[in-house]
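Everything below concerns the one structure shown next.
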Number of protein chains: 2
Amino acid sequence: MFRTATCGELRIADANKEVTLAGWVQTVRKFGSITFVDLRDRYGITQLLFGEELNKVLDENPLGREFVLQAKGKVNERSNKNPNIATGDIELLVNEFKILNKSAVPPFKIEDDTDGGDDLRMKYRFLDLRRNAVKKNLELRYAVSRSTRNYLHEQNFMDIETPFLIKSTPEGARDFVVPSRMNPGQFYALPQSPQTFKQLLMVSGYDRYYQIVKCFRDEDLRADRQPEFTQIDCEMCFVEQEDILNMFEGLVKRIFKDVKGIDYTETVERMTWEEAMWQYGNDKPDIRFGMKLCNLKFPSHTFTAKHAALAGTPLGDGGLIAGEFAVFNDAETVIAIAVPGCSEYTRKQTDELTEWVKRPQIGMKGLVFIKCNADGSFKSSVDKFYNEDQLKAIAEATNAKAGDLILILAGTEEKTRKATSDLRMEMGKRLGLRKDDDFKLLWVLDFPLFEYAEEDNRWVARHHPFTSPKPSDIDTMINNNPKIENAAEYLKHPYANIKANAYDMVLNGNEIGGGSIRIFQRELQEKMFEALGMDEEEQQHKFGFLLGAFEYGAPPHGGLAFGFDRLCAILGGSESIRDFIAFPKNNSGRDVMIDAPSAIDAKQFDELQIKLDLKQ
Amino acid sequence: MFRTATCGELRIADANKEVTLAGWVQTVRKFGSITFVDLRDRYGITQLLFGEELNKVLDENPLGREFVLQAKGKVNERSNKNPNIATGDIELLVNEFKILNKSAVPPFKIEDDTDGGDDLRMKYRFLDLRRNAVKKNLELRYAVSRSTRNYLHEQNFMDIETPFLIKSTPEGARDFVVPSRMNPGQFYALPQSPQTFKQLLMVSGYDRYYQIVKCFRDEDLRADRQPEFTQIDCEMCFVEQEDILNMFEGLVKRIFKDVKGIDYTETVERMTWEEAMWQYGNDKPDIRFGMKLCNLKFPSHTFTAKHAALAGTPLGDGGLIAGEFAVFNDAETVIAIAVPGCSEYTRKQTDELTEWVKRPQIGMKGLVFIKCNADGSFKSSVDKFYNEDQLKAIAEATNAKAGDLILILAGTEEKTRKATSDLRMEMGKRLGLRKDDDFKLLWVLDFPLFEYAEEDNRWVARHHPFTSPKPSDIDTMINNNPKIENAAEYLKHPYANIKANAYDMVLNGNEIGGGSIRIFQRELQEKMFEALGMDEEEQQHKFGFLLGAFEYGAPPHGGLAFGFDRLCAILGGSESIRDFIAFPKNNSGRDVMIDAPSAIDAKQFDELQIKLDLKQ
């Protein structure tokens, strides 16, 4: 050992002990004939004191930032204690030292507030990883994984490894593929998830399976996506949806406790997918604050009494906003939110909000506001089209109180709903209603089983093709699948109303996990594949093994997977998963540190029996 | 939940409780108007009793093997107890049941002694996994992983994930490569190990890293190799070899304790690579038994006084076997072992052993034996060439006692050494000296740093290019590398004698782990790459990031990796790692269950901008 103690462990009780430390030079401070060095390792920082004699040696062998140093000496009580660090009561009076390795001047500061830009830090990720801010993230990640493993172990889950070199069955996302040298012309695929394997393990009777496992998707990357990412992947036998919700609420509560010291004793809220869409405008609502969406006008083809109730308005199509305002009259949808306590916004502020919704990312044409004044009167940007009673009716529908500011967007349905949802999130942020250390869990339930891909004129599985419909919808699924003659009318098809036994766990407006009860009957699975446009041959080629397995006593089963990177990021109060991955890739899927991907040798092409076919 | 208890937990204390079980039908036994069903799940087997009334229902809905069944009823004390199973005191008196899923007749028996051949079981692996024998293996695997994680956690190791999509730097084994769609013409490689990443983590100061991680090698497969395999991968900062040996002896002892209930309190033996090679004929000796090799004759070019001592004979070149026997006189090497207690072997037995060494796998021309009779006389197959004194001298050199049988092989050096080692292992097995439940650990130390690849006329790294030479050899490494003019004389080169700071952990004759102290100085690393024939450009292209990292304060570090699959297999008393992998591949790298690898779509080729280039 190059040390007898770490840089984080010495205390006043260790005074006068002879110890050896090893670590990195954080700072060097010379005062006349003595020198102080802060020595850093993973565990902390300890101050070294080089007296007069050694100082001369130091003059000949000057230390620099990030030099690797071994120092022997006696632990000394400091006269000038530093209460900000754990070792602040002591220092090491060095009597012998050795430079174990030198360091060039780092290209950026190894400090929380670094001067290194993103690209530079990624190129020198091994230096970036030294920063405390990054180290804390990886420590949190490890703590989450440890907590997860402990909980699942106690609940009788078994960690079982599934293969990485599997079969390409693209359905949804693109596969990464791997040419097989031993089977020329054939390819493995890297798993997008261990979905079918964990289901086979249930068929095999393993009862409770989990894995913290890398998955791969060859998709065009956004800032918060990585081509390789990690899942907490789980599956259980002989369970219904309720059992799974309870089990995995338990997991997340345990992680809160172990990792954040938070006792999350509240009941986890639940909401149907329809409630989420109508009341929050998206399927992963942040319920740390209210400000629910109120549909003042519906496109008539989606309007039902149930929807009216969900949407929070007692009136039908166009009722609340009947008037002379052409923008509202022409819009498919009009949606409002009541922003608490903002009725005093100045013209400048409302103008700025209007600009905000007109940005290309939001893309709306304008913003209507109604100020609910403290005295009960209203002041609106559409005063000339609506009288006081009409404004009051809108205020009531949106649950606005005196002092609130009602914001209203109008346009086509999907776009307006999304824009209002974005506006709600923005206002929540501006008003400080979305605090990093405030955690609110939510289950979103009863997702539609299918979505219609109009371009391909076929159904696609919203979750994945292994998700079971609600028991009450199984009959429809098997017996009521008329051909769709007119793609535009897909909503009239019986499949459009089939709900899935699927659930997402949402934390602070982020989907952190999702899963479903699975199909375990061959006939139903075949119906599902058929609905997705797979003929028998394709079914057999891609998923013959699973259909076969269902013939040999497949038990009822279900499960879910958490996005491990995202879960860690949210727990760490960050929006970027990259900060919680030791060696992430950039938005072009490149690791700029090792410079991958890269060209390969002619010999490799030759052995794999493939060649490039580059487009011009 | 489909159950209120598992099939493994009910005991006599549960009598009269109302419970619901769910599981698979193991057996159905009908006795007149009642039926017994053994219901199985992961946790055990419980007997169900269907009385007269339900029996009629059963007649209409007959149960078959592997049907999935839910049964409600009352726990009943059995009149006919079965002491062989944990639930043998009770049975479930069924009052309601439901067939949750039917099963076709399985293609083989779901029992320990199955009638399914290897191919059939692999095709239906999801059924094979139901067998208790296979389940026990995966449970052991999970227990080993759990024990490993707990120990390493307590020792301050952090689990940090390293990337799977990295850069191809073939050196030794072949990489699996992954075409990058976003970077056309470029490829990722799947890691053969996280070696360079774990070293970067040490440079980053993470101090103690571990991971239980999949690795990939595109090699032609043998029975005990898989294209994807799992490592327990570890690395530590500020350590010397001794620290690593202690840390990981501790790990394996902890696994013995947790998984096998064995207190391994003995000191773990250590042996140099040279000792292992001379005394056991290979670098992973099984030291559960003695029967050491004795070199009766050396090829003169390898003979030194040190070797004579290691080889267990006081005499030099040809001394002990000087005589008229042309086979020995002409042979480069003659090696003997003394097999205890076998002097009474019959002619038939010695003939059979002679045939054994003549098999193509061993490939020797013959076998010479000397029987050390109980009365102190000798009887040998070469009596006419050697007198009693000479035979006695050989017996003394091999440490043979009265009653032992000396077996002697002669031929070229490497082949003879390997053959004698194989013969020693075979005799150990036949004599019952290699018991599955007897575990003996061994460290093999001081491996040569280099091996010479005569075909390429260059050095290759015996362990890998990141392994440090012994401190005393660093100077030779940097300053004494004359050009080799004559490849056949490579042994005279100074590099041939450089020893590595490398170590293998051997368990019962299997290498279960290996590692080294790493190079952490740029200059030395460059010298190493140079020795391996990499010019500066290639060094920079392949490992520029690592050389760069070494300039910014790289600490002394080292580590090791355990072959997780093999470790589990040995602990489970098996020679095949496949038995300990949930979904293994066959010797052609195929997963016959899912039928992978397989063809991919034209669209995939198009997007990846590659095409096939199949040889005729």
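Residues in the structure tokens are numbered from 1 in each chain, the chains being A, B, ... in the order shown, and ligands are numbered from 1 in the order shown.
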Problem - Exercise answer, chain B residues close to chain A, 6 Å and only C-alpha atoms, as JSON, numbers by chain - result: {"B": [1, 2, 42, 66, 67, 68, 101, 102, 103, 104, 126, 127, 129, 130, 166, 167, 177, 178, 186, 187, 188, 200, 204, 205, 206, 238, 239, 240, 545, 551, 552, 553, 594, 596, 597, 598, 599, 609, 610, 611, 612, 613, 614]}
Please, which residues of range 195-388 of chain A, numbered as in this document, come out strand (DSSP E or B) from DSSP, as a CSV table (one decimal) with all heavy atoms, in the first residue's frame?
chain,number,residue,atom,x,y,z
A,208,ARG,N,-39.4,-14.3,-10.0
A,208,ARG,CA,-39.1,-12.9,-9.9
A,208,ARG,C,-37.7,-12.7,-10.4
A,208,ARG,O,-36.8,-13.1,-9.8
A,208,ARG,CB,-39.2,-12.5,-8.4
A,208,ARG,CG,-40.6,-12.6,-7.9
A,208,ARG,CD,-40.8,-12.2,-6.5
A,208,ARG,NE,-42.2,-12.2,-6.2
A,208,ARG,CZ,-42.8,-11.7,-5.1
A,208,ARG,NH1,-42.1,-11.0,-4.2
A,208,ARG,NH2,-44.1,-11.7,-4.9
A,209,TYR,N,-37.6,-11.9,-11.5
A,209,TYR,CA,-36.4,-11.7,-12.1
A,209,TYR,C,-36.0,-10.2,-12.1
A,209,TYR,O,-36.9,-9.4,-12.2
A,209,TYR,CB,-36.5,-12.1,-13.6
A,209,TYR,CG,-35.7,-11.3,-14.6
A,209,TYR,CD1,-34.4,-11.6,-15.0
A,209,TYR,CD2,-36.3,-10.1,-15.1
A,209,TYR,CE1,-33.7,-10.7,-15.9
A,209,TYR,CE2,-35.6,-9.3,-16.0
A,209,TYR,CZ,-34.3,-9.6,-16.4
A,209,TYR,OH,-33.7,-8.8,-17.3
A,210,TYR,N,-34.8,-9.9,-12.0
A,210,TYR,CA,-34.4,-8.5,-12.2
A,210,TYR,C,-33.0,-8.5,-12.8
A,210,TYR,O,-32.2,-9.5,-12.7
A,210,TYR,CB,-34.4,-7.6,-11.0
A,210,TYR,CG,-33.1,-7.6,-10.1
A,210,TYR,CD1,-32.2,-6.6,-10.3
A,210,TYR,CD2,-32.8,-8.6,-9.2
A,210,TYR,CE1,-31.1,-6.5,-9.6
A,210,TYR,CE2,-31.7,-8.5,-8.5
A,210,TYR,CZ,-30.8,-7.5,-8.6
A,210,TYR,OH,-29.6,-7.4,-7.9
A,211,GLN,N,-32.6,-7.4,-13.4
A,211,GLN,CA,-31.3,-7.1,-13.9
A,211,GLN,C,-31.1,-5.6,-14.0
A,211,GLN,O,-32.1,-4.9,-14.4
A,211,GLN,CB,-31.2,-7.8,-15.3
A,211,GLN,CG,-29.9,-8.3,-15.7
A,211,GLN,CD,-29.9,-8.9,-17.1
A,211,GLN,OE1,-28.8,-9.3,-17.6
A,211,GLN,NE2,-31.0,-9.1,-17.7
A,212,ILE,N,-29.9,-5.2,-13.7
A,212,ILE,CA,-29.6,-3.8,-14.0
A,212,ILE,C,-28.7,-3.9,-15.3
A,212,ILE,O,-27.6,-4.4,-15.2
A,212,ILE,CB,-28.9,-3.1,-12.9
A,212,ILE,CG1,-29.8,-3.0,-11.6
A,212,ILE,CG2,-28.5,-1.6,-13.3
A,212,ILE,CD1,-29.2,-2.3,-10.4
A,213,VAL,N,-29.2,-3.5,-16.4
A,213,VAL,CA,-28.6,-4.0,-17.6
A,213,VAL,C,-28.6,-3.0,-18.7
A,213,VAL,O,-29.5,-2.1,-18.8
A,213,VAL,CB,-29.5,-5.3,-18.1
A,213,VAL,CG1,-30.9,-4.8,-18.4
A,213,VAL,CG2,-28.8,-6.0,-19.2
A,214,LYS,N,-27.5,-3.0,-19.5
A,214,LYS,CA,-27.4,-2.1,-20.7
A,214,LYS,C,-28.3,-2.5,-21.8
A,214,LYS,O,-28.5,-3.7,-22.1
A,214,LYS,CB,-25.9,-2.2,-21.2
A,214,LYS,CG,-24.9,-1.3,-20.5
A,214,LYS,CD,-25.0,0.1,-21.0
A,214,LYS,CE,-24.2,1.1,-20.2
A,214,LYS,NZ,-22.7,1.0,-20.5
A,215,CYS,N,-28.9,-1.5,-22.4
A,215,CYS,CA,-29.8,-1.7,-23.6
A,215,CYS,C,-29.3,-0.8,-24.7
A,215,CYS,O,-28.6,0.2,-24.4
A,215,CYS,CB,-31.2,-1.4,-23.2
A,215,CYS,SG,-31.8,-2.5,-21.9
A,216,PHE,N,-29.7,-1.0,-25.9
A,216,PHE,CA,-29.1,-0.3,-27.0
A,216,PHE,C,-30.2,0.1,-28.0
A,216,PHE,O,-31.1,-0.8,-28.4
A,216,PHE,CB,-28.1,-1.2,-27.8
A,216,PHE,CG,-27.1,-1.7,-26.8
A,216,PHE,CD1,-27.3,-2.9,-26.1
A,216,PHE,CD2,-25.8,-1.1,-26.7
A,216,PHE,CE1,-26.3,-3.3,-25.2
A,216,PHE,CE2,-24.9,-1.5,-25.8
A,216,PHE,CZ,-25.1,-2.7,-25.1
A,228,GLU,N,-26.5,3.8,-25.8
A,228,GLU,CA,-26.5,2.7,-24.8
A,228,GLU,C,-27.0,3.3,-23.5
A,228,GLU,O,-26.5,4.4,-23.1
A,228,GLU,CB,-25.2,2.0,-24.7
A,228,GLU,CG,-24.0,2.9,-24.5
A,228,GLU,CD,-22.7,2.1,-24.3
A,228,GLU,OE1,-22.7,1.2,-23.4
A,228,GLU,OE2,-21.7,2.3,-25.0
A,229,PHE,N,-27.9,2.7,-22.9
A,229,PHE,CA,-28.5,3.2,-21.6
A,229,PHE,C,-28.7,2.0,-20.7
A,229,PHE,O,-28.7,0.9,-21.1
A,229,PHE,CB,-29.7,4.0,-21.9
A,229,PHE,CG,-30.8,3.2,-22.7
A,229,PHE,CD1,-31.8,2.6,-22.0
A,229,PHE,CD2,-30.7,3.0,-24.1
A,229,PHE,CE1,-32.8,1.8,-22.7
A,229,PHE,CE2,-31.6,2.3,-24.8
A,229,PHE,CZ,-32.6,1.7,-24.1
A,230,THR,N,-29.1,2.3,-19.5
A,230,THR,CA,-29.2,1.2,-18.5
A,230,THR,C,-30.6,1.2,-18.0
A,230,THR,O,-31.2,2.2,-17.7
A,230,THR,CB,-28.2,1.5,-17.4
A,230,THR,OG1,-26.9,1.6,-17.9
A,230,THR,CG2,-28.2,0.3,-16.4
A,231,GLN,N,-31.1,0.0,-17.8
A,231,GLN,CA,-32.4,-0.2,-17.3
A,231,GLN,C,-32.4,-1.1,-16.0
A,231,GLN,O,-31.6,-2.0,-15.9
A,231,GLN,CB,-33.3,-1.1,-18.3
A,231,GLN,CG,-34.0,-0.3,-19.3
A,231,GLN,CD,-34.9,-1.1,-20.2
A,231,GLN,OE1,-35.3,-0.7,-21.2
A,231,GLN,NE2,-35.2,-2.3,-19.8
A,232,ILE,N,-33.3,-0.7,-15.1
A,232,ILE,CA,-33.6,-1.7,-14.0
A,232,ILE,C,-34.8,-2.5,-14.6
A,232,ILE,O,-35.9,-2.0,-14.7
A,232,ILE,CB,-34.0,-1.0,-12.7
A,232,ILE,CG1,-32.9,0.0,-12.2
A,232,ILE,CG2,-34.3,-2.1,-11.6
A,232,ILE,CD1,-33.3,0.8,-11.0
A,233,ASP,N,-34.5,-3.8,-14.9
A,233,ASP,CA,-35.5,-4.5,-15.6
A,233,ASP,C,-36.0,-5.6,-14.7
A,233,ASP,O,-35.3,-6.4,-14.1
A,233,ASP,CB,-34.7,-5.2,-16.8
A,233,ASP,CG,-35.7,-5.7,-17.8
A,233,ASP,OD1,-36.6,-5.0,-18.2
A,233,ASP,OD2,-35.5,-6.9,-18.2
A,234,CYS,N,-37.3,-5.7,-14.6
A,234,CYS,CA,-38.0,-6.6,-13.6
A,234,CYS,C,-39.1,-7.3,-14.2
A,234,CYS,O,-39.8,-6.8,-15.1
A,234,CYS,CB,-38.5,-5.8,-12.4
A,234,CYS,SG,-37.2,-4.8,-11.7
A,235,GLU,N,-39.4,-8.5,-13.8
A,235,GLU,CA,-40.6,-9.3,-14.2
A,235,GLU,C,-41.0,-10.2,-13.1
A,235,GLU,O,-40.2,-10.7,-12.3
A,235,GLU,CB,-40.2,-10.1,-15.5
A,235,GLU,CG,-41.4,-10.6,-16.3
A,235,GLU,CD,-42.1,-9.5,-17.2
A,235,GLU,OE1,-41.6,-8.4,-17.2
A,235,GLU,OE2,-43.1,-9.8,-17.8
A,236,MET,N,-42.3,-10.4,-13.0
A,236,MET,CA,-42.9,-11.2,-11.9
A,236,MET,C,-44.0,-12.2,-12.5
A,236,MET,O,-44.7,-11.8,-13.4
A,236,MET,CB,-43.6,-10.4,-10.8
A,236,MET,CG,-42.7,-9.4,-10.2
A,236,MET,SD,-43.6,-8.2,-9.1
A,236,MET,CE,-44.0,-9.3,-7.7
A,237,CYS,N,-44.1,-13.3,-11.9
A,237,CYS,CA,-45.1,-14.3,-12.2
A,237,CYS,C,-46.3,-14.2,-11.3
A,237,CYS,O,-46.2,-13.7,-10.2
A,237,CYS,CB,-44.6,-15.7,-11.9
A,237,CYS,SG,-43.9,-16.6,-13.3
A,269,GLU,N,-49.9,8.7,-6.0
A,269,GLU,CA,-51.1,9.0,-6.7
A,269,GLU,C,-51.2,8.2,-8.0
A,269,GLU,O,-50.3,7.8,-8.5
A,269,GLU,CB,-51.2,10.5,-7.1
A,269,GLU,CG,-51.4,11.4,-5.8
A,269,GLU,CD,-51.7,12.8,-6.2
A,269,GLU,OE1,-52.4,13.1,-7.2
A,269,GLU,OE2,-51.2,13.7,-5.5
A,270,ARG,N,-52.5,8.1,-8.4
A,270,ARG,CA,-52.7,7.3,-9.7
A,270,ARG,C,-53.7,8.1,-10.5
A,270,ARG,O,-54.5,8.9,-10.0
A,270,ARG,CB,-53.4,6.0,-9.4
A,270,ARG,CG,-52.5,5.1,-8.6
A,270,ARG,CD,-53.2,3.8,-8.3
A,270,ARG,NE,-52.3,2.9,-7.4
A,270,ARG,CZ,-52.6,1.6,-7.2
A,270,ARG,NH1,-53.7,1.1,-7.8
A,270,ARG,NH2,-51.8,0.9,-6.4
A,271,MET,N,-53.5,8.0,-11.8
A,271,MET,CA,-54.3,8.8,-12.7
A,271,MET,C,-54.4,8.0,-14.0
A,271,MET,O,-53.4,7.3,-14.4
A,271,MET,CB,-53.4,10.1,-13.0
A,271,MET,CG,-54.1,11.1,-13.8
A,271,MET,SD,-52.8,12.5,-14.0
A,271,MET,CE,-52.8,13.1,-12.3
A,272,THR,N,-55.5,8.0,-14.7
A,272,THR,CA,-55.6,7.3,-16.0
A,272,THR,C,-54.9,8.2,-17.0
A,272,THR,O,-54.7,9.4,-16.9
A,272,THR,CB,-57.0,7.1,-16.4
A,272,THR,OG1,-57.6,8.4,-16.7
A,272,THR,CG2,-57.8,6.4,-15.4
A,294,CYS,N,-57.7,23.5,-18.7
A,294,CYS,CA,-59.1,23.6,-18.9
A,294,CYS,C,-59.5,23.8,-20.4
A,294,CYS,O,-59.1,24.8,-21.0
A,294,CYS,CB,-59.7,24.7,-18.1
A,294,CYS,SG,-61.4,25.0,-18.3
A,295,ASN,N,-60.1,22.8,-21.0
A,295,ASN,CA,-60.5,22.9,-22.4
A,295,ASN,C,-61.7,23.8,-22.5
A,295,ASN,O,-62.8,23.4,-22.2
A,295,ASN,CB,-60.8,21.5,-22.9
A,295,ASN,CG,-59.6,20.9,-23.6
A,295,ASN,OD1,-58.6,20.6,-22.9
A,295,ASN,ND2,-59.6,20.7,-24.9
A,296,LEU,N,-61.5,24.9,-23.1
A,296,LEU,CA,-62.6,25.8,-23.3
A,296,LEU,C,-63.4,25.5,-24.5
A,296,LEU,O,-64.5,25.8,-24.7
A,296,LEU,CB,-62.1,27.3,-23.3
A,296,LEU,CG,-61.4,27.8,-22.1
A,296,LEU,CD1,-60.9,29.2,-22.3
A,296,LEU,CD2,-62.3,27.7,-20.9
A,297,LYS,N,-62.7,24.8,-25.4
A,297,LYS,CA,-63.4,24.4,-26.7
A,297,LYS,C,-62.7,23.1,-27.1
A,297,LYS,O,-61.5,22.9,-27.0
A,297,LYS,CB,-63.2,25.5,-27.7
A,297,LYS,CG,-63.8,25.2,-29.1
A,297,LYS,CD,-63.6,26.3,-30.1
A,297,LYS,CE,-64.2,25.9,-31.4
A,297,LYS,NZ,-63.9,26.9,-32.4
A,333,THR,N,-59.3,23.9,-31.0
A,333,THR,CA,-59.2,23.7,-29.5
A,333,THR,C,-58.8,25.0,-28.9
A,333,THR,O,-57.9,25.8,-29.4
A,333,THR,CB,-58.1,22.7,-29.2
A,333,THR,OG1,-58.5,21.4,-29.7
A,333,THR,CG2,-58.0,22.5,-27.7
A,334,VAL,N,-59.4,25.3,-27.7
A,334,VAL,CA,-58.9,26.4,-26.9
A,334,VAL,C,-58.7,25.9,-25.5
A,334,VAL,O,-59.6,25.3,-24.9
A,334,VAL,CB,-60.0,27.6,-26.9
A,334,VAL,CG1,-59.5,28.7,-26.0
A,334,VAL,CG2,-60.3,28.0,-28.3
A,335,ILE,N,-57.5,26.2,-25.0
A,335,ILE,CA,-57.2,25.6,-23.6
A,335,ILE,C,-56.6,26.7,-22.7
A,335,ILE,O,-55.8,27.5,-23.2
A,335,ILE,CB,-56.1,24.5,-23.7
A,335,ILE,CG1,-56.6,23.4,-24.8
A,335,ILE,CG2,-55.9,23.8,-22.4
A,335,ILE,CD1,-55.6,22.3,-24.9
A,336,ALA,N,-57.0,26.7,-21.5
A,336,ALA,CA,-56.6,27.7,-20.5
A,336,ALA,C,-56.0,27.1,-19.3
A,336,ALA,O,-56.2,26.0,-18.9
A,336,ALA,CB,-57.8,28.5,-20.1
A,337,ILE,N,-55.1,27.9,-18.7
A,337,ILE,CA,-54.6,27.6,-17.3
A,337,ILE,C,-54.7,28.8,-16.5
A,337,ILE,O,-54.5,29.9,-17.0
A,337,ILE,CB,-53.1,27.0,-17.3
A,337,ILE,CG1,-52.2,28.0,-18.0
A,337,ILE,CG2,-53.0,25.6,-17.9
A,337,ILE,CD1,-50.7,27.6,-17.9
A,338,ALA,N,-54.9,28.6,-15.2
A,338,ALA,CA,-54.9,29.7,-14.3
A,338,ALA,C,-53.6,29.8,-13.5
A,338,ALA,O,-53.4,28.9,-12.7
A,338,ALA,CB,-56.1,29.6,-13.3
A,339,VAL,N,-52.8,30.8,-13.7
A,339,VAL,CA,-51.5,30.9,-13.1
A,339,VAL,C,-51.7,31.7,-11.7
A,339,VAL,O,-52.1,32.8,-11.8
A,339,VAL,CB,-50.5,31.6,-14.0
A,339,VAL,CG1,-49.1,31.6,-13.3
A,339,VAL,CG2,-50.4,30.9,-15.3
A,368,VAL,N,-53.6,34.6,-25.2
A,368,VAL,CA,-54.6,35.5,-24.7
A,368,VAL,C,-54.5,35.4,-23.2
A,368,VAL,O,-54.3,34.3,-22.6
A,368,VAL,CB,-56.0,35.0,-25.2
A,368,VAL,CG1,-57.1,35.6,-24.4
A,368,VAL,CG2,-56.1,35.2,-26.7
A,369,PHE,N,-54.7,36.5,-22.5
A,369,PHE,CA,-54.7,36.5,-21.0
A,369,PHE,C,-55.9,37.2,-20.4
A,369,PHE,O,-56.5,38.1,-21.0
A,369,PHE,CB,-53.4,37.0,-20.4
A,369,PHE,CG,-53.2,38.5,-20.7
A,369,PHE,CD1,-53.8,39.4,-19.8
A,369,PHE,CD2,-52.4,38.9,-21.8
A,369,PHE,CE1,-53.6,40.8,-20.1
A,369,PHE,CE2,-52.3,40.3,-22.0
A,369,PHE,CZ,-52.8,41.2,-21.2
A,370,ILE,N,-56.3,36.7,-19.2
A,370,ILE,CA,-57.3,37.3,-18.5
A,370,ILE,C,-56.8,37.5,-17.1
A,370,ILE,O,-56.4,36.6,-16.4
A,370,ILE,CB,-58.6,36.5,-18.4
A,370,ILE,CG1,-59.1,36.1,-19.7
A,370,ILE,CG2,-59.7,37.2,-17.5
A,370,ILE,CD1,-60.3,35.1,-19.7
A,371,LYS,N,-56.7,38.8,-16.6
A,371,LYS,CA,-56.2,39.1,-15.3
A,371,LYS,C,-57.4,39.0,-14.3
A,371,LYS,O,-58.4,39.8,-14.6
A,371,LYS,CB,-55.5,40.4,-15.2
A,371,LYS,CG,-54.2,40.5,-16.0
A,371,LYS,CD,-53.6,41.9,-15.9
A,371,LYS,CE,-52.3,41.9,-16.5
A,371,LYS,NZ,-51.7,43.2,-16.6
A,372,CYS,N,-57.4,38.2,-13.3
A,372,CYS,CA,-58.5,38.1,-12.3
A,372,CYS,C,-58.1,39.1,-11.2
A,372,CYS,O,-57.3,38.7,-10.3
A,372,CYS,CB,-58.6,36.7,-11.8
A,372,CYS,SG,-58.8,35.5,-13.1
A,378,PHE,N,-62.2,41.8,-14.0
A,378,PHE,CA,-61.3,41.1,-14.9
A,378,PHE,C,-60.8,42.1,-15.9
A,378,PHE,O,-61.4,43.1,-16.3
A,378,PHE,CB,-62.1,40.0,-15.7
A,378,PHE,CG,-62.7,39.0,-14.8
A,378,PHE,CD1,-64.0,39.1,-14.3
A,378,PHE,CD2,-61.9,37.9,-14.4
A,378,PHE,CE1,-64.5,38.1,-13.5
A,378,PHE,CE2,-62.4,36.9,-13.6
A,378,PHE,CZ,-63.7,37.0,-13.1
A,379,LYS,N,-59.6,41.9,-16.4
A,379,LYS,CA,-58.9,42.7,-17.4
A,379,LYS,C,-58.3,41.7,-18.4
A,379,LYS,O,-57.5,40.8,-18.0
A,379,LYS,CB,-57.9,43.6,-16.7
A,379,LYS,CG,-57.0,44.3,-17.7
A,379,LYS,CD,-57.7,45.5,-18.3
A,379,LYS,CE,-56.9,46.1,-19.5
A,379,LYS,NZ,-57.7,46.3,-20.7
A,380,SER,N,-58.7,41.8,-19.6
A,380,SER,CA,-58.3,40.8,-20.6
A,380,SER,C,-57.8,41.4,-21.8
A,380,SER,O,-58.1,42.5,-22.2
A,380,SER,CB,-59.5,39.9,-20.8
A,380,SER,OG,-59.5,39.4,-22.1
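DSSP annotation of range 354-386 of chain A from backbone atoms: alpha helix (DSSP H) residues are Thr354, Glu355, Trp356, Val357 and Lys358 of chain A.
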Export of prior selection with N, CA and C atoms as a tab-separated table (two decimals), in the first residue's frame:
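As written to disk, out_29.tsv reads:
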chain	number	residue	atom	x	y	z
A	354	THR	N	-45.98	36.11	-24.36
A	354	THR	CA	-46.47	35.92	-25.72
A	354	THR	C	-45.33	35.54	-26.66
A	355	GLU	N	-44.19	36.21	-26.50
A	355	GLU	CA	-43.02	35.85	-27.32
A	355	GLU	C	-42.60	34.41	-27.04
A	356	TRP	N	-42.70	34.05	-25.75
A	356	TRP	CA	-42.26	32.71	-25.34
A	356	TRP	C	-43.07	31.64	-26.08
A	357	VAL	N	-44.40	31.83	-26.16
A	357	VAL	CA	-45.21	30.79	-26.84
A	357	VAL	C	-45.06	30.85	-28.35
A	358	LYS	N	-44.54	31.98	-28.86
A	358	LYS	CA	-44.35	32.08	-30.31
A	358	LYS	C	-43.01	31.51	-30.78
Practice task
Extract, using only C-alpha atoms, all DNA, RNA and protein residues at most 6 Å from range 412-422 of chain B, discarding same-chain residues fewer than 2 positions from it, and format them as a PyMOL selection string.
Solution key: chain B and resi 281+332-333+362+424-425
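Taking only C-alpha atoms into account, His464 in chain A lies nearest to A:Gln195 out of the set A:Met277, A:Glu536, A:Leu547, A:Gln195.
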Exercise for the section: Identify which of the residues A:Ala531, A:Leu245, A:Leu491, A:Ile484 lies closest to Trp459 in chain A, counting only C-alpha atoms when measuring atom-to-atom distances. Expected result: A:Ala531
